[in-house]
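See below for protein_30.txt, which holds compact mmCIF, C-alpha atoms.
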# COMPACT_ATOMS: atom_id res chain seq x y z
CA MET A 1 -7.29 38.29 4.21
CA ILE A 2 -10.28 36.76 2.40
CA LYS A 3 -8.01 35.60 -0.44
CA SER A 4 -5.66 33.85 1.99
CA ILE A 5 -8.61 32.02 3.54
CA LEU A 6 -10.13 31.00 0.20
CA PHE A 7 -6.75 30.16 -1.36
CA PRO A 8 -4.43 28.93 1.42
CA PRO A 9 -1.08 27.21 0.73
CA PHE A 10 -1.38 24.22 -1.58
CA LEU A 11 -0.32 21.93 1.24
CA VAL A 12 -3.43 23.00 3.18
CA ARG A 13 -5.62 22.46 0.12
CA VAL A 14 -4.34 18.91 -0.40
CA ILE A 15 -4.71 18.01 3.26
CA GLY A 16 -8.21 19.54 3.24
CA SER A 17 -9.23 17.37 0.29
CA LEU A 18 -7.91 14.27 2.08
CA PHE A 19 -9.87 15.09 5.23
CA SER A 20 -12.95 15.59 3.07
CA ILE A 21 -12.59 11.99 1.88
CA LEU A 22 -12.57 10.79 5.50
CA LEU A 23 -15.50 13.02 6.46
CA VAL A 24 -17.73 12.16 3.50
CA GLN A 25 -16.99 8.45 3.91
CA LYS A 26 -17.95 8.63 7.58
CA ILE A 27 -21.26 10.33 6.66
CA SER A 28 -22.18 8.48 3.46
CA LYS A 29 -20.64 5.06 4.24
CA ASN A 30 -19.78 4.94 0.55
CA LEU A 31 -16.19 4.94 -0.68
CA GLU A 32 -17.06 5.81 -4.28
CA VAL A 33 -18.92 8.93 -3.15
CA SER A 34 -16.19 10.01 -0.70
CA LEU A 35 -13.40 9.59 -3.24
CA GLY A 36 -15.45 11.50 -5.81
CA ALA A 37 -15.94 14.33 -3.31
CA GLY A 38 -12.20 14.44 -2.59
CA ILE A 39 -11.41 14.64 -6.30
CA LEU A 40 -13.94 17.44 -6.83
CA ILE A 41 -12.68 19.49 -3.87
CA LEU A 42 -9.03 19.10 -4.86
CA GLY A 43 -9.70 19.93 -8.51
CA LEU A 44 -11.70 23.07 -7.78
CA TRP A 45 -9.49 24.27 -4.92
CA ALA A 46 -6.31 23.79 -6.96
CA GLY A 47 -7.79 26.10 -9.60
CA TYR A 48 -8.47 23.70 -12.47
CA SER A 49 -11.21 24.68 -14.91
CA PRO A 50 -13.89 22.08 -15.70
CA SER A 51 -12.30 21.38 -19.09
CA GLU A 52 -8.85 20.90 -17.51
CA GLY A 53 -10.34 18.65 -14.84
CA PHE A 54 -12.11 16.48 -17.42
CA ARG A 55 -8.90 16.23 -19.43
CA ILE A 56 -6.95 15.00 -16.39
CA ILE A 57 -9.67 12.46 -15.57
CA PHE A 58 -9.94 11.24 -19.17
CA ASN A 59 -6.18 10.83 -19.58
CA ARG A 60 -5.88 8.86 -16.36
CA VAL A 61 -8.92 6.61 -16.81
CA TRP A 62 -8.11 5.73 -20.41
CA SER A 63 -4.35 5.33 -19.96
CA LEU A 64 -2.65 1.97 -20.45
CA ASP A 65 -1.50 2.08 -16.82
CA SER A 66 -5.10 2.32 -15.64
CA LEU A 67 -6.17 -0.43 -18.03
CA PHE A 68 -3.54 -2.91 -16.86
CA LEU A 69 -3.85 -1.91 -13.21
CA THR A 70 -7.58 -2.55 -13.43
CA LEU A 71 -6.85 -5.92 -15.02
CA VAL A 72 -4.50 -6.73 -12.14
CA ILE A 73 -7.09 -5.69 -9.53
CA VAL A 74 -9.85 -7.66 -11.22
CA GLY A 75 -7.51 -10.63 -11.63
CA VAL A 76 -6.57 -10.54 -7.95
CA ILE A 77 -10.23 -10.47 -6.95
CA TRP A 78 -10.98 -13.39 -9.26
CA LEU A 79 -7.97 -15.37 -8.05
CA SER A 80 -8.84 -14.85 -4.37
CA SER A 81 -12.48 -15.82 -5.05
CA LEU A 82 -11.46 -18.90 -7.03
CA LEU A 83 -9.04 -19.94 -4.26
CA SER A 84 -11.93 -19.68 -1.82
CA GLU A 85 -14.30 -21.64 -4.08
CA ALA A 86 -11.66 -24.34 -4.57
CA GLY A 87 -11.30 -24.73 -0.81
CA ILE A 88 -7.63 -23.73 -0.83
CA MET A 89 -8.12 -20.77 1.49
CA LYS A 90 -9.88 -22.96 4.04
CA ASP A 91 -7.15 -25.62 3.77
CA LEU A 92 -4.42 -22.98 4.06
CA VAL A 93 -5.94 -21.60 7.23
CA GLY A 94 -6.36 -25.13 8.58
CA SER A 95 -2.71 -25.89 7.82
CA LEU A 96 -1.45 -22.80 9.61
CA GLU A 97 -3.88 -23.26 12.52
CA LYS A 98 -2.04 -26.42 13.50
CA ARG A 99 1.32 -24.65 13.50
CA LEU A 100 0.69 -21.14 14.85
CA SER A 101 -1.04 -19.43 17.73
CA LYS A 102 -4.14 -17.37 16.97
CA ARG A 103 -2.14 -14.16 17.23
CA TRP A 104 0.55 -15.18 14.77
CA LEU A 105 -1.90 -16.90 12.45
CA VAL A 106 -3.85 -13.71 11.70
CA ALA A 107 -0.55 -11.83 11.24
CA ALA A 108 1.07 -14.49 9.06
CA LEU A 109 -1.78 -14.68 6.55
CA PRO A 110 -1.57 -11.05 5.31
CA ALA A 111 2.23 -11.10 5.72
CA VAL A 112 2.61 -14.09 3.37
CA VAL A 113 0.45 -12.34 0.78
CA GLY A 114 2.51 -9.18 1.36
CA LEU A 115 5.52 -10.86 -0.21
CA LEU A 116 3.64 -10.41 -3.48
CA PRO A 117 3.86 -6.74 -4.59
CA MET A 118 0.41 -6.57 -6.15
CA PRO A 119 -1.91 -3.56 -6.08
CA ALA A 120 -4.73 -4.05 -3.56
CA GLY A 121 -3.03 -7.22 -2.27
CA ALA A 122 -4.79 -6.65 1.07
CA LEU A 123 -7.96 -7.75 -0.69
CA PHE A 124 -6.28 -11.09 -1.32
CA SER A 125 -5.35 -11.55 2.34
CA ALA A 126 -8.58 -10.26 3.89
CA PRO A 127 -10.60 -13.45 3.17
CA LEU A 128 -7.70 -15.54 4.49
CA LEU A 129 -7.61 -13.58 7.76
CA ASN A 130 -11.38 -13.79 8.03
CA ASP A 131 -11.21 -17.58 7.69
CA GLY A 132 -8.45 -17.60 10.31
CA ASP A 133 -10.92 -16.16 12.80
CA SER A 134 -12.97 -19.35 12.71
CA ASN A 135 -14.69 -18.61 16.03
CA ASN A 136 -15.55 -15.00 15.10
CA GLU A 137 -13.74 -13.64 18.16
CA MET A 138 -12.32 -10.55 16.43
CA GLU A 139 -14.11 -7.29 15.79
CA PRO A 140 -14.18 -6.29 12.09
CA LEU A 141 -12.21 -3.12 12.93
CA LEU A 142 -9.37 -5.14 14.48
CA LYS A 143 -9.34 -7.46 11.46
CA THR A 144 -9.07 -4.42 9.20
CA ARG A 145 -6.14 -2.98 11.13
CA ILE A 146 -4.24 -6.28 11.36
CA ASN A 147 -4.76 -7.13 7.71
CA TYR A 148 -3.70 -3.67 6.56
CA TRP A 149 -0.69 -3.38 8.87
CA PHE A 150 0.87 -6.81 8.35
CA ARG A 151 0.25 -6.72 4.61
CA HIS A 152 2.90 -3.99 4.37
CA ILE A 153 5.66 -5.01 6.80
CA TRP A 154 7.97 -6.00 3.91
CA GLU A 155 7.88 -2.71 2.01
CA TYR A 156 10.84 -1.28 3.89
CA TRP A 157 13.31 -3.61 2.19
CA TRP A 158 11.76 -6.41 0.03
CA PRO A 159 13.53 -5.92 -3.34
CA LEU A 160 10.57 -7.15 -5.40
CA TYR A 161 8.71 -3.93 -4.57
CA PRO A 162 9.11 -1.31 -7.32
CA GLY A 163 9.36 1.46 -4.70
CA VAL A 164 12.40 -0.20 -3.13
CA LEU A 165 14.05 -0.61 -6.53
CA LEU A 166 13.35 3.04 -7.35
CA ALA A 167 14.86 4.10 -4.01
CA VAL A 168 17.97 2.05 -4.77
CA ASP A 169 18.26 3.71 -8.16
CA ILE A 170 17.92 7.27 -6.79
CA THR A 171 20.25 6.82 -3.82
CA GLY A 172 22.86 4.96 -5.84
CA VAL A 173 23.49 2.36 -3.11
CA PRO A 174 23.65 -1.34 -4.06
CA VAL A 175 20.48 -3.38 -3.55
CA TRP A 176 22.05 -5.57 -0.87
CA GLU A 177 23.21 -2.50 1.04
CA PHE A 178 19.77 -0.88 0.96
CA VAL A 179 18.22 -4.16 2.12
CA LEU A 180 20.65 -4.47 5.04
CA VAL A 181 20.14 -0.85 6.11
CA MET A 182 16.34 -1.03 6.02
CA PHE A 183 15.89 -4.61 7.27
CA PRO A 184 15.73 -3.67 11.00
CA MET A 185 12.65 -1.55 10.28
CA PHE A 186 10.85 -4.77 9.37
CA PHE A 187 11.34 -5.95 12.97
CA ALA A 188 10.23 -2.57 14.32
CA SER A 189 7.03 -2.74 12.26
CA THR A 190 6.35 -6.36 13.25
CA GLY A 191 6.96 -5.55 16.92
CA ALA A 192 4.65 -2.54 16.76
CA GLY A 193 1.93 -4.68 15.19
CA TYR A 194 2.29 -7.28 17.92
CA MET A 195 2.25 -4.81 20.82
CA PHE A 196 -0.64 -2.65 19.67
CA LEU A 197 -2.76 -4.99 17.53
CA LEU A 198 -2.07 -8.69 18.10
CA SER A 199 -1.92 -8.25 21.88
CA LYS A 200 -5.65 -7.54 21.80
CA LEU A 201 -6.24 -11.21 20.93
CA ARG A 202 -6.29 -13.98 23.49
CA ARG A 203 -3.27 -16.22 23.77
CA GLY A 204 -3.46 -19.86 22.78
CA ASN A 205 -3.51 -22.17 19.81
CA ALA A 206 -5.63 -21.22 16.84
CA GLN A 207 -6.64 -24.72 15.83
CA SER A 208 -10.29 -25.67 15.81
CA SER A 209 -11.70 -29.13 16.44
CA THR A 210 -12.66 -29.52 12.80
CA GLY A 211 -9.40 -28.21 11.31
CA THR A 212 -7.41 -30.49 9.02
CA GLN A 213 -3.68 -30.29 8.63
CA LYS A 214 -2.41 -30.33 5.07
CA ALA A 215 0.98 -29.71 3.55
CA PHE A 216 1.56 -25.97 3.38
CA LEU A 217 3.58 -25.69 0.16
CA PRO A 218 1.00 -27.16 -2.29
CA LEU A 219 -1.58 -24.73 -0.94
CA ILE A 220 0.46 -21.69 -1.95
CA VAL A 221 1.44 -22.97 -5.40
CA PRO A 222 -0.98 -20.58 -7.21
CA THR A 223 0.37 -17.63 -5.21
CA LEU A 224 3.97 -18.74 -5.76
CA THR A 225 3.20 -19.02 -9.46
CA VAL A 226 2.20 -15.35 -9.52
CA ILE A 227 5.43 -14.37 -7.73
CA LEU A 228 7.68 -16.55 -9.89
CA VAL A 229 6.14 -15.48 -13.19
CA TYR A 230 6.24 -11.83 -12.17
CA SER A 231 9.86 -12.07 -10.98
CA GLY A 232 10.92 -14.14 -13.98
CA ILE A 233 9.54 -11.57 -16.41
CA LEU A 234 11.35 -8.75 -14.59
CA VAL A 235 14.66 -10.63 -14.66
CA PHE A 236 14.62 -12.45 -18.00
CA PHE A 237 12.16 -10.44 -20.11
CA PRO A 238 12.52 -6.82 -18.91
CA PHE A 239 11.17 -5.51 -22.21
CA VAL A 240 7.70 -6.62 -21.04
CA SER A 241 7.91 -4.05 -18.23
CA ASP A 242 8.91 -1.46 -20.82
CA LEU A 243 5.59 -2.06 -22.57
CA ASN A 244 3.73 -1.41 -19.32
CA LYS A 245 4.84 -1.59 -15.69
CA TYR A 246 1.70 -3.51 -14.63
CA LEU A 247 1.84 -6.05 -17.46
CA PRO A 248 4.24 -8.48 -15.71
CA MET A 249 1.95 -8.62 -12.68
CA ALA A 250 -1.12 -9.06 -14.88
CA LEU A 251 0.58 -12.01 -16.62
CA GLY A 252 1.57 -13.42 -13.23
CA VAL A 253 -2.02 -13.30 -11.98
CA VAL A 254 -3.27 -15.00 -15.17
CA ALA A 255 -0.62 -17.72 -14.67
CA GLY A 256 -1.71 -18.14 -11.04
CA ILE A 257 -5.35 -18.58 -12.11
CA GLY A 258 -4.25 -21.11 -14.73
CA MET A 259 -2.21 -23.06 -12.16
CA LEU A 260 -5.18 -23.11 -9.79
CA GLN A 261 -7.42 -24.54 -12.51
CA ILE A 262 -4.86 -27.28 -13.16
CA GLN A 263 -4.39 -27.98 -9.46
CA ARG A 264 -8.08 -27.97 -8.51
CA PRO A 265 -10.34 -27.79 -11.57
CA LEU A 266 -13.47 -25.69 -11.08
CA SER A 267 -16.78 -26.03 -12.92
CA TRP A 268 -18.14 -23.46 -15.34
CA GLU A 269 -20.89 -22.67 -12.85
CA VAL A 270 -18.29 -21.61 -10.29
CA TRP A 271 -16.47 -19.54 -12.90
CA LYS A 272 -19.70 -17.73 -13.86
CA LYS A 273 -20.40 -16.94 -10.22
CA VAL A 274 -16.92 -15.49 -9.71
CA LEU A 275 -16.65 -13.59 -13.00
CA GLY A 276 -20.06 -11.98 -12.57
CA SER A 277 -19.50 -10.71 -9.03
CA LYS A 278 -20.77 -7.15 -8.43
CA ARG A 279 -17.99 -6.63 -5.87
CA THR A 280 -15.45 -6.85 -8.66
CA VAL A 281 -17.03 -3.93 -10.52
CA SER A 282 -17.34 -1.86 -7.33
CA LEU A 283 -13.70 -2.32 -6.38
CA ALA A 284 -12.50 -1.61 -9.92
CA ILE A 285 -14.37 1.73 -9.78
CA ILE A 286 -12.89 2.52 -6.37
CA VAL A 287 -9.35 1.85 -7.63
CA LEU A 288 -9.92 4.03 -10.69
CA LEU A 289 -11.18 6.88 -8.50
CA ALA A 290 -8.08 6.59 -6.30
CA ARG A 291 -5.92 6.80 -9.42
CA VAL A 292 -7.84 9.85 -10.65
CA TYR A 293 -7.11 11.58 -7.34
CA GLY A 294 -3.45 10.70 -7.84
CA ALA A 295 -3.60 12.19 -11.34
CA PHE A 296 -4.61 15.57 -9.91
CA ILE A 297 -1.70 15.33 -7.45
CA GLU A 298 0.73 14.62 -10.31
CA ALA A 299 -0.69 17.13 -12.82
CA ARG A 300 0.62 20.59 -13.57
CA LEU A 301 -1.23 23.42 -11.90
CA PRO A 302 -2.89 26.07 -14.10
CA GLY A 303 0.19 28.26 -13.52
CA GLY A 304 2.50 25.60 -15.00
CA ASN A 305 4.18 24.24 -11.84
CA PHE A 306 3.68 20.74 -10.53
CA LEU A 307 1.64 20.51 -7.33
CA MET A 308 4.33 18.64 -5.37
CA ASP A 309 6.96 21.17 -6.49
CA GLN A 310 4.73 23.94 -5.20
CA ILE A 311 4.36 22.20 -1.85
CA ARG A 312 8.14 21.72 -1.57
CA SER A 313 8.64 25.45 -2.26
CA GLU A 314 6.11 26.33 0.41
CA LEU A 315 7.91 24.14 2.95
CA ASN A 316 11.20 25.86 2.15
CA GLU A 317 9.59 29.31 2.41
CA PHE A 318 8.29 28.44 5.87
CA GLY A 319 11.93 28.11 6.99
CA ILE A 320 11.56 24.51 8.15
CA PRO A 321 14.89 22.95 9.31
CA LEU A 322 16.50 20.33 7.05
CA LEU A 323 15.95 17.48 9.51
CA LEU A 324 12.24 18.25 9.67
CA LEU A 325 12.08 18.47 5.87
CA VAL A 326 13.56 14.96 5.71
CA PHE A 327 10.45 13.84 7.58
CA LEU A 328 7.78 16.16 6.18
CA ILE A 329 8.44 15.93 2.43
CA PRO A 330 8.28 12.11 2.22
CA PHE A 331 5.43 11.93 4.74
CA ILE A 332 3.32 14.40 2.76
CA SER A 333 4.24 12.62 -0.47
CA GLY A 334 3.14 9.31 1.06
CA VAL A 335 -0.17 10.72 2.30
CA THR A 336 -1.01 12.37 -1.01
CA THR A 337 0.01 9.50 -3.31
CA GLY A 338 -0.83 6.47 -1.16
CA ILE A 339 1.83 4.30 -2.81
CA THR A 340 5.51 3.51 -2.24
CA VAL A 341 6.60 4.48 -5.73
CA GLY A 342 4.75 7.77 -5.27
CA TYR A 343 6.52 8.92 -2.13
CA VAL A 344 9.90 7.63 -3.30
CA GLY A 345 9.61 9.33 -6.69
CA ALA A 346 8.31 12.60 -5.23
CA SER A 347 10.60 12.95 -2.22
CA TYR A 348 13.85 11.05 -2.74
CA PRO A 349 15.22 13.31 -5.53
CA VAL A 350 14.59 16.39 -3.38
CA ILE A 351 15.92 14.99 -0.09
CA PHE A 352 19.10 13.51 -1.51
CA ARG A 353 19.77 16.61 -3.59
CA LEU A 354 19.68 18.58 -0.34
CA LEU A 355 22.44 16.35 1.09
CA GLY A 356 24.97 17.51 -1.47
CA ALA A 357 27.17 15.63 -3.92
CA ASP A 358 29.11 13.41 -1.51
CA PRO A 359 27.45 12.88 1.89
CA GLY A 360 29.21 10.62 4.36
CA THR A 361 28.05 7.05 4.86
CA GLY A 362 26.49 7.88 8.22
CA VAL A 363 24.51 10.78 6.73
CA LEU A 364 23.44 8.71 3.73
CA PHE A 365 22.27 5.67 5.71
CA SER A 366 20.49 7.66 8.41
CA THR A 367 18.73 9.79 5.78
CA ILE A 368 17.60 6.67 3.90
CA VAL A 369 16.07 5.28 7.11
CA LEU A 370 14.26 8.51 8.03
CA THR A 371 13.11 9.30 4.50
CA HIS A 372 11.84 5.82 3.68
CA THR A 373 10.15 5.31 7.05
CA SER A 374 8.40 8.69 7.07
CA GLY A 375 7.20 8.18 3.50
CA TYR A 376 6.05 4.68 4.42
CA LEU A 377 4.04 6.00 7.37
CA GLY A 378 2.52 8.70 5.16
CA MET A 379 1.47 5.97 2.73
CA ILE A 380 -0.01 3.88 5.56
CA PHE A 381 -2.09 6.85 6.78
CA SER A 382 -3.22 7.88 3.30
CA PRO A 383 -7.01 7.62 2.85
CA ILE A 384 -6.45 6.92 -0.86
CA HIS A 385 -4.17 3.93 -0.26
CA VAL A 386 -5.88 1.18 -2.25
CA CYS A 387 -5.12 -1.53 0.33
CA LEU A 388 -6.78 0.54 3.06
CA ILE A 389 -9.77 1.17 0.83
CA VAL A 390 -10.36 -2.44 -0.19
CA THR A 391 -9.76 -3.78 3.35
CA ASN A 392 -12.36 -1.39 4.75
CA GLU A 393 -14.72 -2.32 1.95
CA TYR A 394 -14.27 -6.04 2.65
CA PHE A 395 -14.81 -5.81 6.42
CA LYS A 396 -17.36 -2.96 6.15
CA THR A 397 -15.43 -0.63 8.44
CA GLY A 398 -14.68 3.10 8.29
CA LEU A 399 -11.49 4.72 7.06
CA TRP A 400 -11.20 7.11 10.01
CA GLU A 401 -11.79 4.44 12.65
CA SER A 402 -9.28 2.14 10.97
CA LEU A 403 -6.55 4.78 10.85
CA LYS A 404 -7.07 5.89 14.47
CA GLY A 405 -6.03 2.45 15.68
CA LEU A 406 -2.75 2.64 13.77
CA VAL A 407 -1.48 5.85 15.37
CA LYS A 408 0.28 4.10 18.27
CA PRO A 409 2.08 1.48 16.14
CA GLY A 410 2.95 4.24 13.68
CA LEU A 411 4.52 6.38 16.42
CA PHE A 412 6.45 3.35 17.69
CA VAL A 413 7.87 2.75 14.21
CA LEU A 414 8.76 6.43 13.86
CA GLY A 415 10.51 6.46 17.23
CA SER A 416 12.42 3.30 16.30
CA ALA A 417 13.50 4.90 13.02
CA VAL A 418 14.80 8.01 14.78
CA LEU A 419 16.83 5.95 17.26
CA TYR A 420 18.13 3.62 14.55
CA ALA A 421 19.04 6.52 12.23
CA SER A 422 20.88 8.23 15.10
CA ALA A 423 22.88 5.06 15.73
CA LEU A 424 23.81 4.78 12.04
CA TYR A 425 24.86 8.43 11.98
CA LEU A 426 27.14 7.94 14.98
CA PHE A 427 28.53 4.56 13.93
CA PHE A 428 29.43 5.33 10.31
CA PRO A 429 31.71 8.17 9.06
CA HIS A 430 29.91 11.45 8.37
Encoded form (structure tokens):
Amino acid sequence: MIKSILFPPFLVRVIGSLFSILLVQKISKNLEVSLGAGILILGLWAGYSPSEGFRIIFNRVWSLDSLFLTLVIVGVIWLSSLLSEAGIMKDLVGSLEKRLSKRWLVAALPAVVGLLPMPAGALFSAPLLNDGDSNNEMEPLLKTRINYWFRHIWEYWWPLYPGVLLAVDITGVPVWEFVLVMFPMFFASTGAGYMFLLSKLRRGNAQSSTGTQKAFLPLIVPTLTVILVYSGILVFFPFVSDLNKYLPMALGVVAGIGMLQIQRPLSWEVWKKVLGSKRTVSLAIIVLLARVYGAFIEARLPGGNFLMDQIRSELNEFGIPLLLLVFLIPFISGVTTGITVGYVGASYPVIFRLLGADPGTGVLFSTIVLTHTSGYLGMIFSPIHVCLIVTNEYFKTGLWESLKGLVKPGLFVLGSAVLYASALYLFFPH
């Protein structure tokens, strides 16, 4: 009895460590401390010795992936700060203010940035959204929720996202087919965001009396440069990705900074102010801690099994029906990894192996919708999702309070996915 309490199923241990992150953050108001506590609890509860724990931490922190990811994060912070210093963010908001209502303005800003599959991209959009609220009518918590939600509305189908490409590879369906199947979930997510988040804002035009309308396209040239360089490397120089998966994005961010300097040259004094920002160091540490937590999730347990494999076995032993597994496995994978590639890589091979060698089109399409949506929602509600972390850090809000406000839109998306998957199952041969 005592042993079962001290050493419950691994699923319970992982969920317990995630709740500890939320609890410690609520008490300490410090993300670094809360993530460190979550790592410590998970490491000890999973049975790792101190030497094994230090080895996992060392390997993750000093890996090339961590190095280049940190470079990308730092580069994104620098680029967003330089865009602000150059006045482009203010001009971009002013341009959109003349064209959109207040509701759609604050949704469009993170959504535009969301087209760029960069780690912690919500940090890029947060200052834009903040500038969009020129009259300071929005509570910081609402800004956090809107920025976080609309930053990710493309991840169901946008083929630039590595998680989508990995899903295409595992399922074996063509890219265009995956895009068409998942595209309606983009509308479900946007509708949920409007009903439960944007509706809290007053109606009316967003423009202020001092706003100036400027051409939109020149203002997004630095951001487009990042996207084009990143995409061009993936298409024409794929060997660069073979060197490191974050290298193309790092090069894209460097190119975007270079384009900004050409477009609106900044003085050395401005550069020193941006490069020496303490916020950059703090966020880099936070991202590294989130990756260390992920390393413990991905590592082998002292007994030799992988943690996610152990959780899958536990779910099977509990006698959970297949349809529920299609939801639970990706959802848990999304919560514990906090990234699209994580839940796709951890759950898709299992789910689609359970379907058998030749499932019908209706079964295949409906399973793709349920699996991808449940994993997506798990990722959205993950307290180690970097975008959630940096958005809360920017607006000085709490993880728990931010996530509570996303339950209703999340349930709406889930309900839409169930109805849509049922329609696909009935419409196509199975």
Review point. Hey, which of A:Ala215, A:Ile380, A:Ile311, A:Ile297 ends up closest to Leu42 in chain A? Count all atoms listed in the file.
Key: A:Ile297
Check your understanding: What lies within 8 Å of range 74-79 of chain A using only C-alpha atoms, ignoring chain neighbours under 2 positions off, as a ChimeraX atom specification?
Key -> /A:70-72,81-83,121,123-124,250,253-254,256-257,274-275,280,284
Go ahead and save the picked residues with C-alpha atoms, as a short mmCIF file (atom, residue, chain, number, x, y, z; two decimals), keeping the file's coordinate frame.
data_model
loop_
_atom_site.label_atom_id
_atom_site.label_comp_id
_atom_site.auth_asym_id
_atom_site.auth_seq_id
_atom_site.Cartn_x
_atom_site.Cartn_y
_atom_site.Cartn_z
CA THR A 70 -7.58 -2.55 -13.43
CA LEU A 71 -6.85 -5.92 -15.02
CA VAL A 72 -4.50 -6.73 -12.14
CA SER A 81 -12.48 -15.82 -5.05
CA LEU A 82 -11.46 -18.90 -7.03
CA LEU A 83 -9.04 -19.94 -4.26
CA GLY A 121 -3.03 -7.22 -2.27
CA LEU A 123 -7.96 -7.75 -0.69
CA PHE A 124 -6.28 -11.09 -1.32
CA ALA A 250 -1.12 -9.06 -14.88
CA VAL A 253 -2.02 -13.30 -11.98
CA VAL A 254 -3.27 -15.00 -15.17
CA GLY A 256 -1.71 -18.14 -11.04
CA ILE A 257 -5.35 -18.58 -12.11
CA VAL A 274 -16.92 -15.49 -9.71
CA LEU A 275 -16.65 -13.59 -13.00
CA THR A 280 -15.45 -6.85 -8.66
CA ALA A 284 -12.50 -1.61 -9.92
#
**Study point:** Distance query 10 Å from (-5.7, 0.4, 6.6) using all atoms listed in the file, result as a ChimeraX atom specification
**Key:** /A:122,141,143-152,379-392,397-406
How about saving the chosen residues, C-alpha atoms kept, as an mmCIF file, keeping the file's coordinate frame?
data_model
loop_
_atom_site.group_PDB
_atom_site.id
_atom_site.type_symbol
_atom_site.label_atom_id
_atom_site.label_comp_id
_atom_site.auth_asym_id
_atom_site.auth_seq_id
_atom_site.Cartn_x
_atom_site.Cartn_y
_atom_site.Cartn_z
ATOM 1 C CA ALA A 122 -4.790 -6.650 1.070
ATOM 2 C CA LEU A 141 -12.210 -3.120 12.930
ATOM 3 C CA LYS A 143 -9.340 -7.460 11.460
ATOM 4 C CA THR A 144 -9.070 -4.420 9.200
ATOM 5 C CA ARG A 145 -6.140 -2.980 11.130
ATOM 6 C CA ILE A 146 -4.240 -6.280 11.360
ATOM 7 C CA ASN A 147 -4.760 -7.130 7.710
ATOM 8 C CA TYR A 148 -3.700 -3.670 6.560
ATOM 9 C CA TRP A 149 -0.690 -3.380 8.870
ATOM 10 C CA PHE A 150 0.870 -6.810 8.350
ATOM 11 C CA ARG A 151 0.250 -6.720 4.610
ATOM 12 C CA HIS A 152 2.900 -3.990 4.370
ATOM 13 C CA MET A 379 1.470 5.970 2.730
ATOM 14 C CA ILE A 380 -0.010 3.880 5.560
ATOM 15 C CA PHE A 381 -2.090 6.850 6.780
ATOM 16 C CA SER A 382 -3.220 7.880 3.300
ATOM 17 C CA PRO A 383 -7.010 7.620 2.850
ATOM 18 C CA ILE A 384 -6.450 6.920 -0.860
ATOM 19 C CA HIS A 385 -4.170 3.930 -0.260
ATOM 20 C CA VAL A 386 -5.880 1.180 -2.250
ATOM 21 C CA CYS A 387 -5.120 -1.530 0.330
ATOM 22 C CA LEU A 388 -6.780 0.540 3.060
ATOM 23 C CA ILE A 389 -9.770 1.170 0.830
ATOM 24 C CA VAL A 390 -10.360 -2.440 -0.190
ATOM 25 C CA THR A 391 -9.760 -3.780 3.350
ATOM 26 C CA ASN A 392 -12.360 -1.390 4.750
ATOM 27 C CA THR A 397 -15.430 -0.630 8.440
ATOM 28 C CA GLY A 398 -14.680 3.100 8.290
ATOM 29 C CA LEU A 399 -11.490 4.720 7.060
ATOM 30 C CA TRP A 400 -11.200 7.110 10.010
ATOM 31 C CA GLU A 401 -11.790 4.440 12.650
ATOM 32 C CA SER A 402 -9.280 2.140 10.970
ATOM 33 C CA LEU A 403 -6.550 4.780 10.850
ATOM 34 C CA LYS A 404 -7.070 5.890 14.470
ATOM 35 C CA GLY A 405 -6.030 2.450 15.680
ATOM 36 C CA LEU A 406 -2.750 2.640 13.770
#
Point to revise | Two-atom distance - CA of Gly334 in chain A, CA of Ala423 in chain A (Å) | key: 25.0 Å
Practice item. Counting all atoms listed in the file, figure out which residue out of A:Gly294, A:Pro330, A:Pro218, A:Pro162 gets nearest to Leu234 in chain A. Key: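 Checking each candidate against Leu234 in chain A, we get A:Pro162 as the closest.
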Check your understanding: For Trp271 in chain A, which residue among A:Leu323, A:Ala86, A:Ile368, A:Leu288 is the nearest when counting all atoms listed in the file?
Key ->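 Nearest candidate to Trp271 in chain A out of A:Leu323, A:Ala86, A:Ile368, A:Leu288: A:Ala86.
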Revision key, fill the gap. Correct to one decimal, the distance CA of Val33 in chain A-CA of Ile286 in chain A is 9.4 Å
Which polymer residues have any atom within 8 Å of an atom of range 258-261 of chain A, counting all atoms listed in the file, with same-chain residues fewer than 2 positions away left out, as a tab-separated table (two decimals) with C-alpha atoms, in the coordinates of the input?
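The resulting file, around_5.tsv, is reproduced below:
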chain	number	residue	atom	x	y	z
A	83	LEU	CA	-9.04	-19.94	-4.26
A	221	VAL	CA	1.44	-22.97	-5.40
A	222	PRO	CA	-0.98	-20.58	-7.21
A	225	THR	CA	3.20	-19.02	-9.46
A	254	VAL	CA	-3.27	-15.00	-15.17
A	255	ALA	CA	-0.62	-17.72	-14.67
A	256	GLY	CA	-1.71	-18.14	-11.04
A	263	GLN	CA	-4.39	-27.98	-9.46
A	264	ARG	CA	-8.08	-27.97	-8.51
A	265	PRO	CA	-10.34	-27.79	-11.57
A	266	LEU	CA	-13.47	-25.69	-11.08
Check your understanding: CA of Asn244 in chain A and CA of Leu67 in chain A, how far apart in Å?
Key ->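 CA of Asn244 in chain A lies 10.0 Å from CA of Leu67 in chain A.
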**Study point:** Shell around Leu165 in chain A at 10 Å using all atoms listed in the file, local window under 5 positions removed, as a PyMOL selection string
**Key:** chain A and resi 157-160+170+174-175+178+341+344
Point to revise | Pick from A:Arg300, A:Arg312, A:Lys273, A:Arg202 nearest to Pro349 in chain A, counting all atoms listed in the file | key: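 Result for the nearest residue to Pro349 in chain A: A:Arg312.
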Six-sided padding of 5 Å per side, axis-aligned box over range 285-295 of chain A, centre and edges in Å, one decimal, as AutoDock Vina command-line options:
--center_x -8.9 --center_y 7.0 --center_z -8.8 --size_x 20.9 --size_y 20.5 --size_z 15.0
